[in-house]
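Here is my_file_37.tsv, consisting of TSV, C-alpha atoms:
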```
chain	number	residue	atom	x	y	z
Z	11	MET	CA	106.68	34.02	16.19
Z	12	TRP	CA	106.03	37.20	14.27
Z	13	THR	CA	102.38	37.72	13.47
Z	14	ALA	CA	100.81	40.19	11.05
Z	15	GLN	CA	100.41	42.52	14.03
Z	16	THR	CA	103.84	42.09	15.58
Z	17	ARG	CA	105.86	41.78	12.35
Z	18	PRO	CA	108.37	44.64	12.43
Z	19	ARG	CA	108.25	47.12	9.59
Z	20	LEU	CA	111.62	47.03	7.86
Z	21	GLY	CA	112.90	48.56	4.67
Z	22	SER	CA	110.72	51.64	4.75
Z	23	SER	CA	111.85	54.47	2.49
Z	24	TYR	CA	110.78	56.92	5.20
Z	25	GLU	CA	112.94	55.59	8.06
Z	26	PRO	CA	116.33	57.14	8.90
Z	27	LEU	CA	119.14	55.13	7.33
Z	28	TYR	CA	121.83	57.58	6.26
Z	29	LEU	CA	124.12	60.15	7.79
Z	30	LEU	CA	124.35	63.53	6.10
Z	31	GLY	CA	127.94	62.75	5.05
Z	32	ASP	CA	126.83	59.53	3.30
Z	33	ILE	CA	124.19	61.38	1.31
Z	34	ALA	CA	126.69	64.09	0.35
Z	35	ARG	CA	129.10	61.45	-0.97
Z	36	TYR	CA	126.44	59.49	-2.84
Z	37	ALA	CA	125.13	62.68	-4.46
Z	38	SER	CA	128.64	64.08	-5.16
Z	39	ILE	CA	128.06	67.29	-3.25
Z	40	HIS	CA	129.82	68.98	-0.34
Z	41	PRO	CA	128.38	68.13	3.13
Z	42	SER	CA	127.62	71.81	3.79
Z	43	THR	CA	125.68	71.94	0.51
Z	44	ALA	CA	123.82	68.79	1.52
Z	45	ARG	CA	122.98	70.39	4.87
Z	46	SER	CA	121.47	73.46	3.22
Z	47	TRP	CA	119.61	71.37	0.62
Z	48	VAL	CA	118.05	69.16	3.27
Z	49	ARG	CA	116.11	72.27	4.27
Z	50	LEU	CA	114.70	72.43	0.73
Z	51	ILE	CA	113.31	68.91	0.87
Z	52	PRO	CA	109.58	69.28	0.81
Z	53	GLY	CA	107.17	67.31	2.92
Z	54	ARG	CA	109.53	66.08	5.65
Z	55	SER	CA	107.51	65.31	8.76
Z	56	ALA	CA	110.03	67.18	10.92
Z	57	PRO	CA	113.01	69.43	10.20
Z	58	TYR	CA	116.34	67.64	9.91
Z	59	ALA	CA	117.97	67.43	13.33
Z	60	PRO	CA	121.22	65.46	13.77
Z	61	PRO	CA	122.01	62.89	15.03
Z	62	THR	CA	118.74	61.55	13.59
Z	63	GLY	CA	119.61	60.28	10.16
Z	64	LEU	CA	118.11	60.81	6.74
Z	65	SER	CA	115.84	58.47	4.84
Z	66	PHE	CA	116.06	56.99	1.37
Z	67	LEU	CA	113.46	59.52	0.20
Z	68	ASP	CA	115.69	62.29	1.56
Z	69	LEU	CA	118.49	60.88	-0.58
Z	70	VAL	CA	116.37	60.81	-3.74
Z	71	SER	CA	115.05	64.31	-2.99
Z	72	ILE	CA	118.64	65.55	-2.68
Z	73	LEU	CA	119.46	63.92	-6.04
Z	74	VAL	CA	116.50	65.75	-7.61
Z	75	ILE	CA	117.51	69.08	-6.04
Z	76	ARG	CA	121.07	68.53	-7.28
Z	77	GLU	CA	119.75	67.95	-10.80
Z	78	LEU	CA	117.56	71.02	-10.64
Z	79	ARG	CA	120.40	73.20	-9.35
Z	80	ASP	CA	122.84	71.78	-11.92
Z	81	ILE	CA	120.59	72.73	-14.82
Z	82	GLY	CA	120.13	76.22	-13.42
Z	83	VAL	CA	116.89	76.25	-11.41
Z	84	LYS	CA	117.13	78.87	-8.65
Z	85	PRO	CA	116.69	77.80	-4.97
Z	86	ARG	CA	113.82	80.30	-4.68
Z	87	ARG	CA	111.90	78.49	-7.42
Z	88	ILE	CA	112.64	75.14	-5.77
Z	89	ARG	CA	111.18	76.43	-2.51
Z	90	ILE	CA	108.03	77.71	-4.23
Z	91	ALA	CA	107.67	74.39	-6.04
Z	92	GLU	CA	108.17	72.61	-2.74
Z	93	LYS	CA	105.11	74.19	-1.13
Z	94	TYR	CA	102.91	73.68	-4.17
Z	95	LEU	CA	103.93	70.07	-4.73
Z	96	THR	CA	103.54	69.12	-1.09
Z	97	GLU	CA	99.93	70.31	-1.35
Z	98	ARG	CA	99.40	68.34	-4.57
Z	99	LEU	CA	101.41	65.16	-3.97
Z	100	GLY	CA	101.89	64.89	-0.20
Z	101	PRO	CA	105.16	64.09	1.60
Z	102	TYR	CA	108.41	63.98	-0.35
Z	103	PRO	CA	107.02	65.10	-3.72
Z	104	PHE	CA	110.57	65.28	-5.15
Z	105	ALA	CA	110.83	61.52	-4.67
Z	106	HIS	CA	107.96	61.00	-7.14
Z	107	ASN	CA	108.63	60.28	-10.81
Z	108	THR	CA	106.57	63.25	-11.88
Z	109	ILE	CA	109.20	65.96	-11.41
Z	110	TRP	CA	110.96	67.44	-14.44
Z	111	SER	CA	112.54	70.74	-15.39
Z	112	ASP	CA	113.18	72.98	-18.38
Z	113	GLY	CA	116.22	74.56	-16.73
Z	114	HIS	CA	114.22	77.42	-15.23
Z	115	HIS	CA	111.14	75.96	-13.64
Z	116	VAL	CA	110.27	72.89	-11.60
Z	117	LEU	CA	107.67	70.98	-13.61
Z	118	PHE	CA	105.44	68.09	-12.81
Z	119	ASP	CA	103.07	65.90	-14.74
Z	120	PRO	CA	99.70	65.98	-12.97
Z	121	GLU	CA	98.10	63.45	-15.30
Z	122	SER	CA	100.56	60.61	-15.25
Z	123	PRO	CA	102.24	59.77	-11.96
Z	124	LEU	CA	103.45	56.44	-13.39
Z	125	ARG	CA	105.37	57.89	-16.31
Z	126	THR	CA	108.83	56.44	-16.90
Z	127	GLU	CA	109.68	58.39	-20.07
Z	128	VAL	CA	110.46	62.09	-20.05
Z	129	PRO	CA	107.23	63.81	-21.08
Z	130	GLN	CA	107.60	66.09	-24.10
Z	131	GLU	CA	104.20	67.72	-23.94
Z	132	TYR	CA	102.75	70.51	-21.87
Z	133	LEU	CA	103.31	70.15	-18.12
Z	134	GLU	CA	102.34	72.11	-15.09
Z	135	SER	CA	104.95	74.43	-13.65
Z	136	ALA	CA	105.07	73.85	-9.91
Z	137	ASP	CA	106.90	77.06	-9.10
Z	138	LYS	CA	104.24	79.10	-10.99
Z	139	ARG	CA	101.49	77.27	-9.14
Z	140	GLY	CA	100.26	75.34	-12.14
Z	141	GLN	CA	101.01	77.50	-15.18
Z	142	GLY	CA	102.19	75.49	-18.16
Z	143	ALA	CA	105.72	75.22	-19.57
Z	144	PHE	CA	107.74	72.98	-21.91
Z	145	VAL	CA	110.21	70.46	-20.67
Z	146	SER	CA	113.72	69.32	-21.48
Z	147	LEU	CA	115.68	66.29	-20.30
Z	148	LEU	CA	116.98	65.85	-16.79
Z	149	ARG	CA	120.35	64.13	-16.42
Z	150	GLU	CA	120.75	60.39	-16.64
Z	151	ASP	CA	121.27	59.84	-12.90
Z	152	LEU	CA	117.61	60.25	-12.10
Z	153	HIS	CA	116.58	57.84	-14.81
Z	154	ARG	CA	118.28	55.18	-12.72
Z	155	VAL	CA	115.91	55.74	-9.81
Z	156	ILE	CA	113.37	52.93	-9.64
Z	157	TYR	CA	109.80	53.83	-8.73
Z	158	ASN	CA	106.96	51.69	-7.42
Z	159	GLU	CA	103.43	51.56	-8.82
Z	160	GLN	CA	102.52	54.73	-6.90
Z	161	GLY	CA	105.40	56.54	-8.61
Z	162	ILE	CA	107.49	56.80	-5.40
Z	163	ALA	CA	111.23	56.05	-5.43
Z	164	VAL	CA	112.10	52.61	-4.02
Z	165	ALA	CA	115.68	52.03	-5.23
Z	166	TRP	CA	118.55	53.76	-6.97
Z	167	GLU	CA	121.14	52.27	-9.30
Z	168	PRO	CA	124.02	54.74	-9.47
Z	169	MET	CA	126.00	52.24	-11.57
Z	170	GLY	CA	124.98	49.15	-13.53
Z	171	ALA	CA	125.91	46.64	-10.81
Z	172	VAL	CA	125.50	48.90	-7.77
Z	173	GLU	CA	122.15	49.47	-6.09
Z	174	LEU	CA	120.79	51.22	-3.01
Z	175	ASP	CA	117.47	49.82	-1.79
Z	176	PRO	CA	116.17	50.60	1.72
Z	177	SER	CA	114.79	47.06	2.05
Z	178	LEU	CA	118.21	45.46	1.51
Z	179	GLN	CA	121.17	45.95	3.85
Z	180	PHE	CA	119.33	49.00	5.18
Z	181	GLY	CA	120.02	51.00	2.06
Z	182	GLN	CA	123.79	50.56	1.96
Z	183	PRO	CA	125.35	50.34	-1.52
Z	184	ARG	CA	125.58	46.70	-2.54
Z	185	VAL	CA	126.09	44.58	-5.61
Z	186	LYS	CA	122.77	44.34	-7.43
Z	187	GLY	CA	120.91	41.05	-6.99
Z	188	THR	CA	122.91	40.17	-3.87
Z	189	ARG	CA	123.43	41.35	-0.28
Z	190	VAL	CA	127.17	41.83	-0.84
Z	191	LEU	CA	128.17	45.33	0.20
Z	192	THR	CA	130.34	47.23	-2.26
Z	193	GLN	CA	132.51	48.13	0.72
Z	194	THR	CA	133.23	44.43	1.33
Z	195	VAL	CA	134.46	44.05	-2.24
Z	196	GLN	CA	136.55	47.20	-2.04
Z	197	ARG	CA	138.17	46.30	1.31
Z	198	MET	CA	139.15	42.86	0.01
Z	199	HIS	CA	140.65	44.43	-3.08
Z	200	MET	CA	142.43	47.09	-1.03
Z	201	ALA	CA	144.02	44.36	1.12
Z	202	GLY	CA	145.43	42.68	-1.97
Z	203	ASP	CA	142.84	40.12	-3.12
Z	204	SER	CA	142.62	39.89	-6.90
Z	205	ILE	CA	139.41	40.46	-8.87
Z	206	GLU	CA	139.39	36.73	-9.64
Z	207	THR	CA	139.63	35.74	-5.96
Z	208	ILE	CA	136.89	38.16	-4.93
Z	209	SER	CA	134.69	36.94	-7.76
Z	210	LEU	CA	135.25	33.34	-6.66
Z	211	VAL	CA	134.76	33.67	-2.92
Z	212	LEU	CA	131.79	36.05	-3.09
Z	213	ARG	CA	130.25	34.34	-6.14
Z	214	LEU	CA	130.06	37.54	-8.18
Z	215	PRO	CA	130.68	38.13	-11.88
Z	216	GLN	CA	134.04	39.86	-12.40
Z	217	ARG	CA	132.31	42.78	-14.12
Z	218	ASP	CA	130.26	43.39	-10.95
Z	219	VAL	CA	133.41	43.25	-8.81
Z	220	HIS	CA	135.00	45.88	-11.07
Z	221	GLU	CA	131.97	48.14	-10.83
Z	222	ALA	CA	131.71	47.79	-7.04
Z	223	ILE	CA	135.38	48.80	-6.72
Z	224	GLU	CA	134.89	51.69	-9.12
Z	225	TRP	CA	131.85	52.95	-7.16
Z	226	GLU	CA	133.78	52.83	-3.88
Z	227	ARG	CA	136.78	54.51	-5.53
Z	228	ARG	CA	134.53	57.39	-6.63
Z	229	LEU	CA	133.08	57.72	-3.12
Z	230	LEU	CA	136.56	57.86	-1.62
Z	231	ALA	CA	137.62	60.47	-4.18
Z	232	ARG	CA	134.58	62.59	-3.28
Z	233	ALA	CA	135.37	62.31	0.43
Z	234	ALA	CA	139.00	63.39	-0.07
M	21	MET	CA	124.61	24.94	20.25
M	22	VAL	CA	123.96	28.41	18.81
M	23	ARG	CA	122.66	28.55	15.25
M	24	PHE	CA	124.17	31.20	12.96
M	25	LEU	CA	123.04	32.72	9.67
M	26	PHE	CA	125.93	34.28	7.78
M	27	ASP	CA	125.12	37.23	5.57
M	28	GLU	CA	126.13	37.22	1.93
M	29	CYS	CA	129.02	39.62	2.50
M	30	ILE	CA	130.82	36.74	4.24
M	31	SER	CA	132.11	34.09	1.86
M	32	HIS	CA	130.17	30.83	1.53
M	33	ARG	CA	133.54	29.07	1.76
M	34	ILE	CA	133.92	30.19	5.37
M	35	VAL	CA	130.42	28.88	6.08
M	36	ASP	CA	131.23	25.54	4.44
M	37	GLU	CA	134.39	25.18	6.47
M	38	LEU	CA	132.61	25.98	9.75
M	39	LYS	CA	129.93	23.42	8.89
M	40	ILE	CA	132.58	20.76	8.39
M	41	MET	CA	134.01	21.68	11.79
M	42	GLY	CA	130.59	20.95	13.31
M	43	TYR	CA	129.12	24.40	13.88
M	44	ASP	CA	125.44	25.03	13.16
M	45	VAL	CA	125.86	27.61	10.42
M	46	SER	CA	123.88	28.53	7.32
M	47	SER	CA	124.36	31.26	4.77
M	48	VAL	CA	121.87	33.57	3.12
M	49	GLY	CA	122.75	32.09	-0.27
M	50	SER	CA	121.77	28.55	0.84
M	51	ALA	CA	119.00	29.01	3.43
M	52	LEU	CA	117.38	31.85	1.50
M	53	PRO	CA	117.59	33.14	-2.08
M	54	ARG	CA	120.53	35.42	-2.85
M	55	GLY	CA	119.65	39.09	-2.50
M	56	SER	CA	116.89	38.41	0.08
M	57	LYS	CA	115.37	41.42	1.79
M	58	ASP	CA	116.34	42.38	5.35
M	59	GLU	CA	112.85	41.49	6.51
M	60	ASP	CA	113.18	37.95	5.14
M	61	VAL	CA	116.68	37.45	6.51
M	62	LEU	CA	115.71	38.65	9.99
M	63	GLY	CA	112.44	36.69	9.76
M	64	TRP	CA	114.42	33.50	9.05
M	65	CYS	CA	116.66	34.18	12.07
M	66	HIS	CA	113.58	34.77	14.19
M	67	ARG	CA	111.92	31.53	13.09
M	68	HIS	CA	115.09	29.45	13.54
M	69	ASP	CA	116.33	31.20	16.67
M	70	ALA	CA	119.53	32.06	14.82
M	71	VAL	CA	122.10	34.80	15.30
M	72	LEU	CA	122.74	36.89	12.18
M	73	VAL	CA	126.42	37.39	11.42
M	74	THR	CA	127.03	40.37	9.17
M	75	LYS	CA	129.58	43.09	8.53
M	76	ASP	CA	129.53	46.60	9.85
M	77	TYR	CA	131.78	49.31	8.52
M	78	LYS	CA	130.47	52.40	10.30
M	79	ILE	CA	128.77	52.07	13.64
M	80	LYS	CA	127.47	55.65	13.55
M	81	ARG	CA	125.47	54.72	10.49
M	82	THR	CA	124.34	51.38	11.85
M	83	LYS	CA	122.96	53.17	14.90
M	84	GLN	CA	120.59	55.05	12.57
M	85	TYR	CA	118.59	51.91	11.93
M	86	LEU	CA	119.07	50.08	15.22
M	87	PRO	CA	115.60	51.16	16.40
M	88	GLN	CA	114.15	49.21	13.45
M	89	LEU	CA	116.34	46.21	14.24
M	90	ARG	CA	115.45	46.13	17.91
M	91	ASN	CA	111.82	45.32	17.13
M	92	THR	CA	112.84	42.09	15.46
M	93	GLY	CA	114.17	40.46	18.64
M	94	VAL	CA	116.98	38.88	16.61
M	95	SER	CA	120.57	38.82	17.90
M	96	ILE	CA	123.24	40.13	15.58
M	97	ALA	CA	127.01	39.76	15.51
M	98	PHE	CA	128.48	42.69	13.61
M	99	ILE	CA	131.98	42.05	12.31
M	100	ARG	CA	134.05	45.15	11.75
M	101	PRO	CA	136.76	44.54	9.14
M	102	PRO	CA	140.05	46.45	9.46
M	103	ARG	CA	140.16	49.89	7.88
M	104	LYS	CA	143.03	49.01	5.60
M	105	GLY	CA	141.15	46.08	4.13
M	106	TRP	CA	140.70	42.43	4.90
M	107	LYS	CA	142.18	39.76	2.69
M	108	TYR	CA	139.96	36.73	2.25
M	109	GLN	CA	142.55	34.42	3.80
M	110	LYS	CA	142.85	36.62	6.91
M	111	GLU	CA	139.07	36.77	7.23
M	112	PHE	CA	138.90	33.01	6.94
M	113	GLN	CA	141.47	32.61	9.73
M	114	TRP	CA	139.70	35.18	11.90
M	115	PHE	CA	136.41	33.30	11.75
M	116	LEU	CA	138.06	29.96	12.43
M	117	GLY	CA	139.88	31.43	15.42
M	118	ARG	CA	136.97	33.39	16.93
M	119	ILE	CA	133.86	31.33	16.26
M	120	ASP	CA	134.01	29.62	19.67
M	121	GLN	CA	134.07	32.98	21.40
M	122	VAL	CA	131.20	34.30	19.27
M	123	GLU	CA	129.19	31.16	20.07
M	124	ALA	CA	129.87	31.55	23.79
M	125	ASP	CA	128.85	35.24	23.69
M	126	PHE	CA	125.40	34.37	22.33
M	127	GLN	CA	124.88	31.26	24.43
M	128	ASP	CA	122.19	32.69	26.73
M	129	ARG	CA	119.91	33.54	23.72
M	130	SER	CA	118.77	36.96	24.96
M	131	PRO	CA	118.63	39.39	22.02
M	132	ARG	CA	121.74	41.53	21.77
M	133	TYR	CA	124.02	43.18	19.25
M	134	LEU	CA	127.74	42.64	19.64
M	135	ARG	CA	130.39	44.19	17.47
M	136	TYR	CA	133.61	42.27	16.90
M	137	SER	CA	136.67	44.11	15.81
M	138	THR	CA	139.75	42.47	14.36
M	139	SER	CA	141.93	44.57	16.63
M	140	ARG	CA	140.18	43.78	19.92
M	141	LEU	CA	139.63	40.55	21.74
M	142	ALA	CA	136.43	41.45	23.57
M	143	PRO	CA	133.35	42.47	21.59
M	144	GLU	CA	131.65	45.80	22.08
M	145	GLN	CA	128.03	45.57	23.17
M	146	ILE	CA	126.04	47.95	20.97
M	147	TRP	CA	122.62	47.05	22.30
M	148	PRO	CA	121.07	46.97	24.96
M	149	ASN	CA	123.79	49.51	25.91
M	150	LEU	CA	122.59	51.87	23.21
M	151	ASP	CA	119.58	52.87	25.32
M	152	ARG	CA	121.85	54.15	28.01
M	153	ASP	CA	124.12	55.96	25.54
M	154	SER	CA	121.46	57.81	23.59
```
Now that the file is in, can you turn its structure into structure tokens?
Amino acid sequence: MWTAQTRPRLGSSYEPLYLLGDIARYASIHPSTARSWVRLIPGRSAPYAPPTGLSFLDLVSILVIRELRDIGVKPRRIRIAEKYLTERLGPYPFAHNTIWSDGHHVLFDPESPLRTEVPQEYLESADKRGQGAFVSLLREDLHRVIYNEQGIAVAWEPMGAVELDPSLQFGQPRVKGTRVLTQTVQRMHMAGDSIETISLVLRLPQRDVHEAIEWERRLLARAA
Amino acid sequence: MVRFLFDECISHRIVDELKIMGYDVSSVGSALPRGSKDEDVLGWCHRHDAVLVTKDYKIKRTKQYLPQLRNTGVSIAFIRPPRKGWKYQKEFQWFLGRIDQVEADFQDRSPRYLRYSTSRLAPEQIWPNLDRDS
């Protein structure tokens, strides 16, 4: 029997679960971009070295870096922020819900690590080592990251019915509230099963079946 | 008789049919709540000396978390669906046709991970072989 001492630790956000290619597809970026951004992830215990995989916190950090780059923050500023935030927040600071941006600077909220709304007041600028700046909204994608009570990312919902949670199916995309992999739904559909059949045999609402197929379709389009 | 726990990505109808045929099978949706965590699913298998039957689409990715799995001491049968998709009816027939072989493969109860492909008759042993490969 498993005891408190021998019980294996599963579902940790820090353990390797993903290949670089998976993360690139989930984040809609090119694998070579993902490879260079992995180097920007602050607070990793060791540099990324294939074939060792990437963790869920790596994935969320990549999503944050993608957001920051998309709104115009320069890689140099991200690197400066990285060092400062690792000192302040510890490992994987980009996977905390305290990171925001105004389009130029990486900002973080030192007072409220549990904040779920975008702060509109004065924040610290991490790439200016604490000088203040005003904030604007980050894109919607990051609002779908779910954080625990310590403000660290624990799950991501890229679509309404699709969720990635390291404690379920080892972080593979699945239909929310179940252990059904989105890939299972998509492969059945690809082989010719109707939405109604899939919904019936996997006990899923038809809307969730549609969304799982749509998510997989987007991933395939990104890979092509 | 080997006890099996079928993951939620395999239809409950297949599980029901196998039960009628006399196999000792349960599904995550009936033995545990739907959407149970990996830890709970593997814990159930550990307590009931059951083999987990789940799907595997990309072995390279699965190998990323095998070190975590190995600590559980639970045997796993990974089913690899065909690349071009797997119709429910075909999946149903595959399980009905191969369950005896899967049962025989796990008869000796030592923890192992076997990967069954629809295109091959013999399963591929992922672990303990993995130690030698990596």
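Any residue of chain M with an atom no more than 6 Å from chain Z counts as a contact; using all atoms listed in the file, that gives Glu28, Cys29, Ser31, Arg54, Gly55, Lys57, Asp58, Glu59, Gln84, Tyr85, Asn91, Thr92, Gly105, Trp106 and Lys107 of chain M.
Of the listed residues (Z:Pro101, Z:Pro85, Z:Pro183, Z:Gly170), Z:Pro183 comes nearest to Z:Leu229; the distances count only C-alpha atoms.
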Worksheet item: Residues at most 10 Å from M:Val94, counting all atoms listed in the file, excluding those fewer than 5 positions away in the same chain, as a PyMOL selection string?
Response: chain M and resi 62-67+69-72+89+129-133
Saved selection, atoms kept: C-alpha atoms, as a PDB file, keeping the file's coordinate frame:
```pdb
ATOM      1  CA  LEU M  62     115.710  38.650   9.990  1.00  0.00           C
ATOM      2  CA  GLY M  63     112.440  36.690   9.760  1.00  0.00           C
ATOM      3  CA  TRP M  64     114.420  33.500   9.050  1.00  0.00           C
ATOM      4  CA  CYS M  65     116.660  34.180  12.070  1.00  0.00           C
ATOM      5  CA  HIS M  66     113.580  34.770  14.190  1.00  0.00           C
ATOM      6  CA  ARG M  67     111.920  31.530  13.090  1.00  0.00           C
ATOM      7  CA  ASP M  69     116.330  31.200  16.670  1.00  0.00           C
ATOM      8  CA  ALA M  70     119.530  32.060  14.820  1.00  0.00           C
ATOM      9  CA  VAL M  71     122.100  34.800  15.300  1.00  0.00           C
ATOM     10  CA  LEU M  72     122.740  36.890  12.180  1.00  0.00           C
ATOM     11  CA  LEU M  89     116.340  46.210  14.240  1.00  0.00           C
ATOM     12  CA  ARG M 129     119.910  33.540  23.720  1.00  0.00           C
ATOM     13  CA  SER M 130     118.770  36.960  24.960  1.00  0.00           C
ATOM     14  CA  PRO M 131     118.630  39.390  22.020  1.00  0.00           C
ATOM     15  CA  ARG M 132     121.740  41.530  21.770  1.00  0.00           C
ATOM     16  CA  TYR M 133     124.020  43.180  19.250  1.00  0.00           C
TER      17      TYR M 133
END
```
Item to complete: Quick one: pull the distance between atom CA of Z:Gln216 and atom CA of Z:Ala163, Å, one decimal.
Response: 28.8 Å
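Reported to one decimal place, the separation of atom CA of M:Pro87 from atom CA of Z:Tyr102 is 22.3 Å.
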Worksheet item: Do you know which residues are at most 12 Å from stretch 112-127 of chain M counting only C-alpha atoms, after dropping those on the same chain fewer than 2 positions away, and could you put them as a PyMOL selection string?
Response: (chain Z and resi 211) or (chain M and resi 21-24+26+30-45+69-73+94-102+106-110+129-145)
Could the residues in this selection be saved with C-alpha atoms as a PDB file, keeping the file's coordinate frame?
```pdb
ATOM      1  CA  VAL Z 211     134.760  33.670  -2.920  1.00  0.00           C
TER       2      VAL Z 211
ATOM      3  CA  MET M  21     124.610  24.940  20.250  1.00  0.00           C
ATOM      4  CA  VAL M  22     123.960  28.410  18.810  1.00  0.00           C
ATOM      5  CA  ARG M  23     122.660  28.550  15.250  1.00  0.00           C
ATOM      6  CA  PHE M  24     124.170  31.200  12.960  1.00  0.00           C
ATOM      7  CA  PHE M  26     125.930  34.280   7.780  1.00  0.00           C
ATOM      8  CA  ILE M  30     130.820  36.740   4.240  1.00  0.00           C
ATOM      9  CA  SER M  31     132.110  34.090   1.860  1.00  0.00           C
ATOM     10  CA  HIS M  32     130.170  30.830   1.530  1.00  0.00           C
ATOM     11  CA  ARG M  33     133.540  29.070   1.760  1.00  0.00           C
ATOM     12  CA  ILE M  34     133.920  30.190   5.370  1.00  0.00           C
ATOM     13  CA  VAL M  35     130.420  28.880   6.080  1.00  0.00           C
ATOM     14  CA  ASP M  36     131.230  25.540   4.440  1.00  0.00           C
ATOM     15  CA  GLU M  37     134.390  25.180   6.470  1.00  0.00           C
ATOM     16  CA  LEU M  38     132.610  25.980   9.750  1.00  0.00           C
ATOM     17  CA  LYS M  39     129.930  23.420   8.890  1.00  0.00           C
ATOM     18  CA  ILE M  40     132.580  20.760   8.390  1.00  0.00           C
ATOM     19  CA  MET M  41     134.010  21.680  11.790  1.00  0.00           C
ATOM     20  CA  GLY M  42     130.590  20.950  13.310  1.00  0.00           C
ATOM     21  CA  TYR M  43     129.120  24.400  13.880  1.00  0.00           C
ATOM     22  CA  ASP M  44     125.440  25.030  13.160  1.00  0.00           C
ATOM     23  CA  VAL M  45     125.860  27.610  10.420  1.00  0.00           C
ATOM     24  CA  ASP M  69     116.330  31.200  16.670  1.00  0.00           C
ATOM     25  CA  ALA M  70     119.530  32.060  14.820  1.00  0.00           C
ATOM     26  CA  VAL M  71     122.100  34.800  15.300  1.00  0.00           C
ATOM     27  CA  LEU M  72     122.740  36.890  12.180  1.00  0.00           C
ATOM     28  CA  VAL M  73     126.420  37.390  11.420  1.00  0.00           C
ATOM     29  CA  VAL M  94     116.980  38.880  16.610  1.00  0.00           C
ATOM     30  CA  SER M  95     120.570  38.820  17.900  1.00  0.00           C
ATOM     31  CA  ILE M  96     123.240  40.130  15.580  1.00  0.00           C
ATOM     32  CA  ALA M  97     127.010  39.760  15.510  1.00  0.00           C
ATOM     33  CA  PHE M  98     128.480  42.690  13.610  1.00  0.00           C
ATOM     34  CA  ILE M  99     131.980  42.050  12.310  1.00  0.00           C
ATOM     35  CA  ARG M 100     134.050  45.150  11.750  1.00  0.00           C
ATOM     36  CA  PRO M 101     136.760  44.540   9.140  1.00  0.00           C
ATOM     37  CA  PRO M 102     140.050  46.450   9.460  1.00  0.00           C
ATOM     38  CA  TRP M 106     140.700  42.430   4.900  1.00  0.00           C
ATOM     39  CA  LYS M 107     142.180  39.760   2.690  1.00  0.00           C
ATOM     40  CA  TYR M 108     139.960  36.730   2.250  1.00  0.00           C
ATOM     41  CA  GLN M 109     142.550  34.420   3.800  1.00  0.00           C
ATOM     42  CA  LYS M 110     142.850  36.620   6.910  1.00  0.00           C
ATOM     43  CA  ARG M 129     119.910  33.540  23.720  1.00  0.00           C
ATOM     44  CA  SER M 130     118.770  36.960  24.960  1.00  0.00           C
ATOM     45  CA  PRO M 131     118.630  39.390  22.020  1.00  0.00           C
ATOM     46  CA  ARG M 132     121.740  41.530  21.770  1.00  0.00           C
ATOM     47  CA  TYR M 133     124.020  43.180  19.250  1.00  0.00           C
ATOM     48  CA  LEU M 134     127.740  42.640  19.640  1.00  0.00           C
ATOM     49  CA  ARG M 135     130.390  44.190  17.470  1.00  0.00           C
ATOM     50  CA  TYR M 136     133.610  42.270  16.900  1.00  0.00           C
ATOM     51  CA  SER M 137     136.670  44.110  15.810  1.00  0.00           C
ATOM     52  CA  THR M 138     139.750  42.470  14.360  1.00  0.00           C
ATOM     53  CA  SER M 139     141.930  44.570  16.630  1.00  0.00           C
ATOM     54  CA  ARG M 140     140.180  43.780  19.920  1.00  0.00           C
ATOM     55  CA  LEU M 141     139.630  40.550  21.740  1.00  0.00           C
ATOM     56  CA  ALA M 142     136.430  41.450  23.570  1.00  0.00           C
ATOM     57  CA  PRO M 143     133.350  42.470  21.590  1.00  0.00           C
ATOM     58  CA  GLU M 144     131.650  45.800  22.080  1.00  0.00           C
ATOM     59  CA  GLN M 145     128.030  45.570  23.170  1.00  0.00           C
TER      60      GLN M 145
END
```
Worksheet item: What is the atom CA of M:Val48 to atom CA of M:Arg81 distance in Å?
Response: 22.7 Å
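For Z:Ala34, the set of protein, DNA and RNA residues having any atom at most 12 Å away, when counting all atoms listed in the file and skipping those fewer than 6 positions along the same chain, is Tyr28, His40, Pro41, Ser42, Thr43, Ala44, Arg45, Ser46, Trp47, Val48, Leu64, Asp68, Leu69, Val70, Ile72, Leu73, Arg76, Leu229, Leu230, Arg232 and Ala233 of chain Z.
Residues having any atom no farther than 6 Å from (135.0, 38.7, -10.2) (counting all atoms listed in the file) are Ile205, Glu206, Ile208, Ser209, Leu214, Pro215, Gln216 and Val219 of chain Z.
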Discussion item. Nearest residue to M:Ser46 out of M:Arg90, M:His68, M:Lys104, M:Lys78, using all atoms listed in the file?
Written reply: M:His68
